[in-house]
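Just below is one structure, and these are the notes that go with it.
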Amino acid sequence: MKYYLDLLRNGVIDKNPIFVQVLALCPLLAVTTSAANGIAMGLATTAAMICASSVISFMRKVIPGDVRIAVFVIVVAGFVTCIQLLMEAFAPDINDALGIFIPLIVVNCIVFARLESFAFKNKVFNSGFDAMSMGLGFTLGLFTVGAIREFFGAGSIFGILLIKDSSTHVLTMIMAPGAFFTLGVVIMISKYLQKKGGR
């Protein structure tokens, strides 16, 4: 049990893909104009990671080492295609909002990092759990940045208007510079809390 709690803590806190490893900034900066977009992108990536990690772990003993990267790409691409088709069918608005960044999960560095460093060396359930924990950490990062940007930029959370006076909205927050600023502040706070907690 402690092993799985450690995996969960690693993915969400200690080795969080966004706040600690600072990976996959392209989708983070592009789609986090709202909290809903952040969660949708995070969950889509998590689903692809869990499926791909489980399959790669299951096949790890029959995949030749010199072609493993090509196999990773094919497996991830297959699952991402399925996820995108499901989103087009059942959540077209979210699919349109995320646009090209759904297919780009195929080359997401978080996905390949977990396939290479964990799934290719561990059992199926452990690999799926590791992928889930890293995916949750990624989703938490996207949601946090998206919620902050949406609140300050549009005065809302999940599209629910909280600040009606539009003169107080900071429009820069829902533009590219706002993404960089928000990410920097969130990482700074995260590092401070980690340092304080380590004392």
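Scheme for the structure tokens: letters A, B, ... for chains in order shown; per-chain residue numbers from 1; ligand numbers from 1 in order shown.
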
Any idea what's packed within 12 Å of Ile13 (chain A), counting only C-alpha atoms, ignoring anything in its chain fewer than 3 positions away? Could you give it as a PyMOL selection string? chain A and resi 5-10+16-21+133-138+140-141+190-191+193-194+197

Go ahead and save the picked residues with N, CA and C atoms, as an mmCIF file, in the first residue's frame.
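Written file, selection.cif:
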```cif
data_model
loop_
_atom_site.group_PDB
_atom_site.id
_atom_site.type_symbol
_atom_site.label_atom_id
_atom_site.label_comp_id
_atom_site.auth_asym_id
_atom_site.auth_seq_id
_atom_site.Cartn_x
_atom_site.Cartn_y
_atom_site.Cartn_z
ATOM 1 N N LEU A 5 0.974 4.635 -2.488
ATOM 2 C CA LEU A 5 0.856 5.992 -1.942
ATOM 3 C C LEU A 5 2.066 6.836 -2.339
ATOM 4 N N ASP A 6 3.244 6.205 -2.355
ATOM 5 C CA ASP A 6 4.455 6.918 -2.792
ATOM 6 C C ASP A 6 4.365 7.290 -4.270
ATOM 7 N N LEU A 7 3.846 6.368 -5.096
ATOM 8 C CA LEU A 7 3.661 6.669 -6.517
ATOM 9 C C LEU A 7 2.709 7.842 -6.700
ATOM 10 N N LEU A 8 1.619 7.823 -5.928
ATOM 11 C CA LEU A 8 0.632 8.897 -6.026
ATOM 12 C C LEU A 8 1.230 10.222 -5.579
ATOM 13 N N ARG A 9 1.967 10.194 -4.498
ATOM 14 C CA ARG A 9 2.600 11.427 -4.005
ATOM 15 C C ARG A 9 3.630 11.951 -4.995
ATOM 16 N N ASN A 10 4.380 11.041 -5.603
ATOM 17 C CA ASN A 10 5.369 11.449 -6.604
ATOM 18 C C ASN A 10 4.717 12.188 -7.763
ATOM 19 N N ASN A 16 5.713 16.430 -9.544
ATOM 20 C CA ASN A 16 4.626 16.963 -10.378
ATOM 21 C C ASN A 16 5.183 17.416 -11.727
ATOM 22 N N PRO A 17 4.577 16.937 -12.830
ATOM 23 C CA PRO A 17 5.111 17.259 -14.157
ATOM 24 C C PRO A 17 5.192 18.753 -14.467
ATOM 25 N N ILE A 18 4.275 19.538 -13.899
ATOM 26 C CA ILE A 18 4.237 20.973 -14.184
ATOM 27 C C ILE A 18 5.067 21.757 -13.184
ATOM 28 N N PHE A 19 4.788 21.611 -11.913
ATOM 29 C CA PHE A 19 5.378 22.462 -10.887
ATOM 30 C C PHE A 19 6.807 22.077 -10.508
ATOM 31 N N VAL A 20 7.182 20.803 -10.692
ATOM 32 C CA VAL A 20 8.515 20.353 -10.294
ATOM 33 C C VAL A 20 9.381 20.065 -11.518
ATOM 34 N N GLN A 21 8.889 19.223 -12.433
ATOM 35 C CA GLN A 21 9.680 18.855 -13.611
ATOM 36 C C GLN A 21 9.590 19.884 -14.742
ATOM 37 N N SER A 133 -1.131 8.577 -11.639
ATOM 38 C CA SER A 133 -0.648 9.580 -10.677
ATOM 39 C C SER A 133 0.011 10.752 -11.387
ATOM 40 N N MET A 134 0.814 10.469 -12.409
ATOM 41 C CA MET A 134 1.443 11.549 -13.175
ATOM 42 C C MET A 134 0.385 12.350 -13.945
ATOM 43 N N GLY A 135 -0.609 11.648 -14.464
ATOM 44 C CA GLY A 135 -1.697 12.322 -15.171
ATOM 45 C C GLY A 135 -2.493 13.234 -14.250
ATOM 46 N N LEU A 136 -2.728 12.767 -13.029
ATOM 47 C CA LEU A 136 -3.440 13.610 -12.056
ATOM 48 C C LEU A 136 -2.619 14.845 -11.704
ATOM 49 N N GLY A 137 -1.298 14.660 -11.567
ATOM 50 C CA GLY A 137 -0.427 15.808 -11.300
ATOM 51 C C GLY A 137 -0.447 16.804 -12.449
ATOM 52 N N PHE A 138 -0.447 16.288 -13.670
ATOM 53 C CA PHE A 138 -0.521 17.139 -14.858
ATOM 54 C C PHE A 138 -1.863 17.872 -14.905
ATOM 55 N N LEU A 140 -3.814 18.561 -12.367
ATOM 56 C CA LEU A 140 -3.813 19.556 -11.289
ATOM 57 C C LEU A 140 -3.091 20.826 -11.735
ATOM 58 N N GLY A 141 -1.951 20.654 -12.407
ATOM 59 C CA GLY A 141 -1.209 21.816 -12.901
ATOM 60 C C GLY A 141 -1.999 22.612 -13.918
ATOM 61 N N SER A 190 4.891 27.118 -5.328
ATOM 62 C CA SER A 190 5.080 25.681 -5.124
ATOM 63 C C SER A 190 6.453 25.379 -4.540
ATOM 64 N N LYS A 191 7.492 26.018 -5.075
ATOM 65 C CA LYS A 191 8.854 25.810 -4.573
ATOM 66 C C LYS A 191 8.994 26.296 -3.133
ATOM 67 N N LEU A 193 6.586 26.486 -0.868
ATOM 68 C CA LEU A 193 5.881 25.571 0.032
ATOM 69 C C LEU A 193 6.663 24.269 0.222
ATOM 70 N N GLN A 194 7.308 23.786 -0.847
ATOM 71 C CA GLN A 194 8.117 22.574 -0.725
ATOM 72 C C GLN A 194 9.313 22.795 0.200
ATOM 73 N N GLY A 197 8.051 23.065 3.732
ATOM 74 C CA GLY A 197 7.636 21.760 4.238
ATOM 75 C C GLY A 197 8.810 20.837 4.528
#
```

Identify, on the basis of only C-alpha atoms, every residue whose closest approach to Phe152 (chain A) does not exceed 10 Å; exclude the query and any residue fewer than 3 positions from it along the same chain; express the result as a list in words. Ala147, Ile148, Arg149, Gly155, Ser156, Ile157, Ile163, Thr168, His169, Val170, Leu171, Thr172, Met173, Ile174 and Gly178 of chain A

Can you list, as a PyMOL selection string, every protein, DNA or RNA residue that comes within 12 Å of Val76 (chain A) when you count only C-alpha atoms, leaving out same-chain residues fewer than 5 positions away? chain A and resi 44-56+69-71+81-83+102-112+114-115

Between CA of Gly159 (chain A) and CA of Ile187 (chain A) - distance in Å to one decimal: 25.0 Å

Could you give me, as a list of chain:residue names, the residues within 10 Å of Gly38 (chain A), counting only C-alpha atoms and dropping anything in the same chain fewer than 3 positions from it?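 The residues that qualify are A:Pro27, A:Leu28, A:Leu29, A:Ala30, A:Val31, A:Thr32, A:Thr33, A:Ser34, A:Ala35, A:Met41, A:Gly42, A:Leu43, A:Leu98, A:Phe138, A:Thr139, A:Leu140, A:Gly141, A:Leu142, A:Phe143, A:Thr144, A:Val145, A:Gly146, A:Ala147.
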
Export of the given selection (N, CA and C atoms) as a short mmCIF file (atom, residue, chain, number, x, y, z; two decimals), in the first residue's frame:
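Saved the output as selection-v1.cif:
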```
data_model
loop_
_atom_site.label_atom_id
_atom_site.label_comp_id
_atom_site.auth_asym_id
_atom_site.auth_seq_id
_atom_site.Cartn_x
_atom_site.Cartn_y
_atom_site.Cartn_z
N PRO A 27 1.20 22.59 -24.25
CA PRO A 27 -0.25 22.54 -24.01
C PRO A 27 -0.66 23.36 -22.80
N LEU A 28 0.19 23.41 -21.78
CA LEU A 28 -0.14 24.18 -20.58
C LEU A 28 -0.38 25.64 -20.92
N LEU A 29 0.53 26.23 -21.65
CA LEU A 29 0.43 27.66 -21.95
C LEU A 29 -0.66 27.95 -22.99
N ALA A 30 -0.96 26.97 -23.84
CA ALA A 30 -1.90 27.22 -24.93
C ALA A 30 -3.36 27.00 -24.55
N VAL A 31 -3.66 25.99 -23.75
CA VAL A 31 -5.07 25.63 -23.53
C VAL A 31 -5.64 26.09 -22.20
N THR A 32 -4.81 26.64 -21.33
CA THR A 32 -5.29 26.97 -19.99
C THR A 32 -5.92 28.36 -19.90
N THR A 33 -6.69 28.74 -20.91
CA THR A 33 -7.42 30.01 -20.82
C THR A 33 -8.62 29.88 -19.92
N SER A 34 -8.97 28.64 -19.56
CA SER A 34 -10.08 28.41 -18.63
C SER A 34 -9.82 27.14 -17.83
N ALA A 35 -10.48 27.03 -16.69
CA ALA A 35 -10.32 25.85 -15.84
C ALA A 35 -10.85 24.61 -16.54
N MET A 41 -8.01 18.83 -20.99
CA MET A 41 -6.72 18.45 -21.56
C MET A 41 -5.99 17.49 -20.63
N GLY A 42 -6.05 17.75 -19.34
CA GLY A 42 -5.39 16.88 -18.37
C GLY A 42 -5.98 15.48 -18.35
N LEU A 43 -7.29 15.39 -18.39
CA LEU A 43 -7.94 14.07 -18.36
C LEU A 43 -7.70 13.30 -19.65
N LEU A 98 -9.80 22.71 -27.56
CA LEU A 98 -8.44 22.18 -27.39
C LEU A 98 -7.71 22.07 -28.72
N PHE A 138 -0.45 16.29 -13.67
CA PHE A 138 -0.52 17.14 -14.86
C PHE A 138 -1.86 17.87 -14.91
N THR A 139 -2.94 17.14 -14.62
CA THR A 139 -4.28 17.74 -14.61
C THR A 139 -4.38 18.82 -13.54
N LEU A 140 -3.81 18.56 -12.37
CA LEU A 140 -3.81 19.56 -11.29
C LEU A 140 -3.09 20.83 -11.73
N GLY A 141 -1.95 20.65 -12.41
CA GLY A 141 -1.21 21.82 -12.90
C GLY A 141 -2.00 22.61 -13.92
N LEU A 142 -2.61 21.92 -14.87
CA LEU A 142 -3.42 22.60 -15.90
C LEU A 142 -4.62 23.31 -15.28
N PHE A 143 -5.29 22.62 -14.36
CA PHE A 143 -6.46 23.22 -13.71
C PHE A 143 -6.08 24.46 -12.91
N THR A 144 -4.99 24.37 -12.16
CA THR A 144 -4.57 25.50 -11.32
C THR A 144 -4.28 26.73 -12.16
N VAL A 145 -3.47 26.55 -13.20
CA VAL A 145 -3.12 27.67 -14.06
C VAL A 145 -4.36 28.18 -14.80
N GLY A 146 -5.19 27.26 -15.30
CA GLY A 146 -6.41 27.66 -16.02
C GLY A 146 -7.40 28.41 -15.15
N ALA A 147 -7.58 27.95 -13.91
CA ALA A 147 -8.52 28.60 -13.00
C ALA A 147 -8.06 30.01 -12.64
#
```

Distance CA of Ala154 (chain A)-CA of Ser166 (chain A), one decimal place?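 If I compute the distance from CA of Ala154 (chain A) to CA of Ser166 (chain A), I get 7.6 Å.
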
Write out as an MDAnalysis selection string the set of residues from region 17-189 of chain A that DSSP, computed on the backbone, places in strand (DSSP E or B). chainID A and resid 156:157 160:161

Restricting the output to N, CA and C atoms, write the selected residues as a PDB file, in the first residue's frame.
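Dumped to result03.pdb:
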```pdb
ATOM      1  N   SER A 156     -14.414  34.726 -13.964  1.00  0.00           N
ATOM      2  CA  SER A 156     -15.285  33.557 -13.842  1.00  0.00           C
ATOM      3  C   SER A 156     -14.463  32.312 -13.537  1.00  0.00           C
ATOM      4  N   ILE A 157     -15.172  31.255 -13.130  1.00  0.00           N
ATOM      5  CA  ILE A 157     -14.591  29.926 -12.957  1.00  0.00           C
ATOM      6  C   ILE A 157     -15.578  28.941 -13.569  1.00  0.00           C
ATOM      7  N   ILE A 160     -18.779  30.347 -14.907  1.00  0.00           N
ATOM      8  CA  ILE A 160     -19.716  31.000 -13.975  1.00  0.00           C
ATOM      9  C   ILE A 160     -19.128  32.354 -13.590  1.00  0.00           C
ATOM     10  N   LEU A 161     -19.823  33.415 -13.962  1.00  0.00           N
ATOM     11  CA  LEU A 161     -19.318  34.768 -13.720  1.00  0.00           C
ATOM     12  C   LEU A 161     -19.338  35.097 -12.236  1.00  0.00           C
TER      13      LEU A 161
END
```

I'd like to know which of A:Pro64, A:Phe158, A:Gly153, A:Ile100 is closest to Asn37 (chain A), using only C-alpha atoms. A:Phe158

Extract the full set of alpha helix (DSSP H) residues from chain A according to DSSP on the backbone, and format it as number ranges by chain. A: 2-9, 25-31, 35-59, 68-90, 92-98, 109-114, 124-154, 176-197
